[in-house]
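Participant: Here it is, the structure, as structure tokens.
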Amino acid sequence: MSDWIDVAPQHDFAIGEYRSLDVDGTQVAVFNLAGEYYAIEDQCTHDGGTLTGGALDGEQIVCPRHGARFSIKTGAVLTPPAYEPLATFALRIENGMVQVRDARWD
């Protein structure tokens with residue numbers, strides 16, 4: 001089981017903001033959408049490039065290279081050229097700290 005990794009203090013993580021960090025060798029993007037937090041893999045399933053830096057459109061992130069769209073809440077692919085969903089990650093608030101971990105292999 002992987003350990004919980006601190007992302008940021010909840011009071012320093014503004015609504016509409018996202019952060020990218022390494023979680024056990026995987027780049028993960030953590031988003032604050034209207035006060036709810038979500039964590040998805042920060043790698044487009046179409047070409048392997050990072051998604052952070054792409055436009056946010058409501059609950060979607062748009063790949064900055066080819067325009068594929070993904071659900072921030074579920075990791076689902078919403079438009080081509082990507083066809084595979086993104087991995088999602090466990091997330092919690094512990095003592096005011098936003099934390100994430102990779103529970104895929106537990």
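Within each chain, counting starts at residue 1; across the structure tokens, chains are named A, B, ... in the order shown, with ligands numbered 1 upward in that order.
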Among chain A, which ones does DSSP place in strand (DSSP E), written as number ranges by chain?
Facilitator: A: 5-9, 18-23, 26-33, 36-41, 56-57, 60-62, 69-71, 77-79, 90-94, 97-101
Participant: Convert the current residue selection to file output with C-alpha atoms, as a CSV table (one decimal), in the first residue's frame.
Facilitator:
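Okay, this is what ended up in again.csv:
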```
chain,number,residue,atom,x,y,z
A,5,ILE,CA,1.4,12.3,0.0
A,6,ASP,CA,0.7,15.9,1.0
A,7,VAL,CA,-0.5,18.1,-1.9
A,8,ALA,CA,-1.2,21.4,-0.2
A,9,PRO,CA,-2.9,22.9,2.8
A,18,TYR,CA,-4.9,22.5,-9.8
A,19,ARG,CA,-1.5,21.1,-8.8
A,20,SER,CA,0.6,18.4,-10.4
A,21,LEU,CA,2.9,16.1,-8.3
A,22,ASP,CA,4.7,12.8,-8.4
A,23,VAL,CA,2.9,10.0,-6.6
A,26,THR,CA,3.2,8.7,-11.5
A,27,GLN,CA,2.4,12.3,-12.3
A,28,VAL,CA,-1.0,13.1,-10.7
A,29,ALA,CA,-3.0,16.3,-11.2
A,30,VAL,CA,-5.1,17.3,-8.2
A,31,PHE,CA,-8.0,19.8,-8.8
A,32,ASN,CA,-10.2,21.9,-6.6
A,33,LEU,CA,-13.6,22.1,-8.3
A,36,GLU,CA,-14.4,19.3,-4.0
A,37,TYR,CA,-11.1,17.7,-4.7
A,38,TYR,CA,-10.3,15.2,-7.5
A,39,ALA,CA,-7.1,13.5,-8.5
A,40,ILE,CA,-6.4,12.1,-12.0
A,41,GLU,CA,-3.3,10.9,-13.9
A,56,LEU,CA,-10.2,23.8,-17.8
A,57,ASP,CA,-13.8,23.8,-19.1
A,60,GLN,CA,-13.2,18.9,-17.9
A,61,ILE,CA,-9.6,19.3,-18.8
A,62,VAL,CA,-8.6,19.8,-22.4
A,69,ARG,CA,-11.2,16.1,-23.2
A,70,PHE,CA,-11.3,14.2,-19.9
A,71,SER,CA,-13.6,14.3,-16.9
A,77,VAL,CA,-12.4,10.3,-21.9
A,78,LEU,CA,-15.0,12.6,-23.4
A,79,THR,CA,-13.7,13.4,-26.9
A,90,ALA,CA,-7.6,8.3,-3.6
A,91,LEU,CA,-7.8,11.7,-2.0
A,92,ARG,CA,-8.6,12.9,1.5
A,93,ILE,CA,-8.4,16.0,3.7
A,94,GLU,CA,-6.4,15.1,6.9
A,97,MET,CA,-4.0,19.0,4.4
A,98,VAL,CA,-5.1,17.8,0.9
A,99,GLN,CA,-3.5,14.4,0.5
A,100,VAL,CA,-3.4,11.8,-2.4
A,101,ARG,CA,-2.2,8.3,-2.8
```
Participant: Give me the residues near A:Thr50 as a ChimeraX atom specification, where near means some atom within 10 Å (using only C-alpha atoms) and where sequence neighbours in that chain fewer than 2 positions away do not count.
Facilitator: /A:20,27-29,41-45,47-48,52-54,63-65
Participant: Go ahead and save the picked residues with N, CA and C atoms, as a JSON list (two decimals), in the first residue's frame.
Facilitator:
```json
[["chain", "number", "residue", "atom", "x", "y", "z"],
["A", 20, "SER", "N", 0.12, 19.62, -9.90],
["A", 20, "SER", "CA", 0.64, 18.36, -10.41],
["A", 20, "SER", "C", 1.81, 17.93, -9.53],
["A", 27, "GLN", "N", 2.81, 10.89, -12.44],
["A", 27, "GLN", "CA", 2.38, 12.29, -12.34],
["A", 27, "GLN", "C", 0.88, 12.32, -12.14],
["A", 28, "VAL", "N", 0.45, 13.03, -11.10],
["A", 28, "VAL", "CA", -0.95, 13.13, -10.74],
["A", 28, "VAL", "C", -1.33, 14.61, -10.67],
["A", 29, "ALA", "N", -2.49, 14.93, -11.25],
["A", 29, "ALA", "CA", -3.03, 16.29, -11.18],
["A", 29, "ALA", "C", -4.17, 16.28, -10.17],
["A", 41, "GLU", "N", -4.64, 10.99, -13.28],
["A", 41, "GLU", "CA", -3.30, 10.89, -13.86],
["A", 41, "GLU", "C", -3.07, 12.06, -14.80],
["A", 42, "ASP", "N", -1.90, 12.68, -14.69],
["A", 42, "ASP", "CA", -1.55, 13.85, -15.49],
["A", 42, "ASP", "C", -0.82, 13.41, -16.76],
["A", 43, "GLN", "N", -1.48, 12.55, -17.54],
["A", 43, "GLN", "CA", -0.86, 12.04, -18.76],
["A", 43, "GLN", "C", -1.96, 11.69, -19.75],
["A", 44, "CYS", "N", -1.98, 12.37, -20.88],
["A", 44, "CYS", "CA", -2.99, 12.10, -21.91],
["A", 44, "CYS", "C", -2.83, 10.66, -22.42],
["A", 45, "THR", "N", -3.94, 9.95, -22.49],
["A", 45, "THR", "CA", -3.89, 8.57, -22.97],
["A", 45, "THR", "C", -3.75, 8.48, -24.49],
["A", 47, "ASP", "N", -1.37, 10.54, -26.34],
["A", 47, "ASP", "CA", 0.04, 10.67, -26.74],
["A", 47, "ASP", "C", 1.03, 10.70, -25.59],
["A", 48, "GLY", "N", 0.54, 10.58, -24.35],
["A", 48, "GLY", "CA", 1.44, 10.50, -23.21],
["A", 48, "GLY", "C", 1.93, 11.82, -22.66],
["A", 52, "THR", "N", -1.81, 18.99, -17.55],
["A", 52, "THR", "CA", -1.76, 20.28, -16.88],
["A", 52, "THR", "C", -1.14, 21.29, -17.83],
["A", 53, "GLY", "N", -1.70, 22.45, -17.81],
["A", 53, "GLY", "CA", -1.36, 23.47, -18.80],
["A", 53, "GLY", "C", -2.46, 23.58, -19.83],
["A", 54, "GLY", "N", -3.29, 22.54, -19.92],
["A", 54, "GLY", "CA", -4.46, 22.58, -20.80],
["A", 54, "GLY", "C", -5.57, 23.40, -20.16],
["A", 63, "CYS", "N", -6.72, 18.53, -23.32],
["A", 63, "CYS", "CA", -5.31, 18.28, -23.62],
["A", 63, "CYS", "C", -4.76, 19.44, -24.44],
["A", 64, "PRO", "N", -3.63, 20.02, -24.02],
["A", 64, "PRO", "CA", -3.10, 21.19, -24.73],
["A", 64, "PRO", "C", -2.54, 20.89, -26.12],
["A", 65, "ARG", "N", -2.31, 19.62, -26.46],
["A", 65, "ARG", "CA", -1.74, 19.32, -27.77],
["A", 65, "ARG", "C", -2.77, 18.98, -28.84]]
```
Participant: Under the rule that only C-alpha atoms are counted, which of A:Ala87, A:Ala55, A:Ala68, A:Ala82 is the nearest residue to A:Asp102?
Facilitator: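 Selected residue with least distance to A:Asp102: A:Ala87.
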Participant: Provide the atom CA of A:Ser2 to atom CA of A:Tyr83 distance in Å, to one decimal place.
Facilitator: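 Atom-to-atom, atom CA of A:Ser2 and atom CA of A:Tyr83 are spaced 28.0 Å apart.
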Participant: Quick one, how far is atom CA of A:Leu86 from atom CA of A:Glu17?
Facilitator: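 Atom-to-atom, atom CA of A:Leu86 and atom CA of A:Glu17 are spaced 19.2 Å apart.
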Participant: Mind giving me the straight-line distance from atom CA of A:Asp24 to atom CA of A:Asp3 in Å, one decimal?
Facilitator: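 Straight-line distance from atom CA of A:Asp24 to atom CA of A:Asp3 works out to 8.8 Å.
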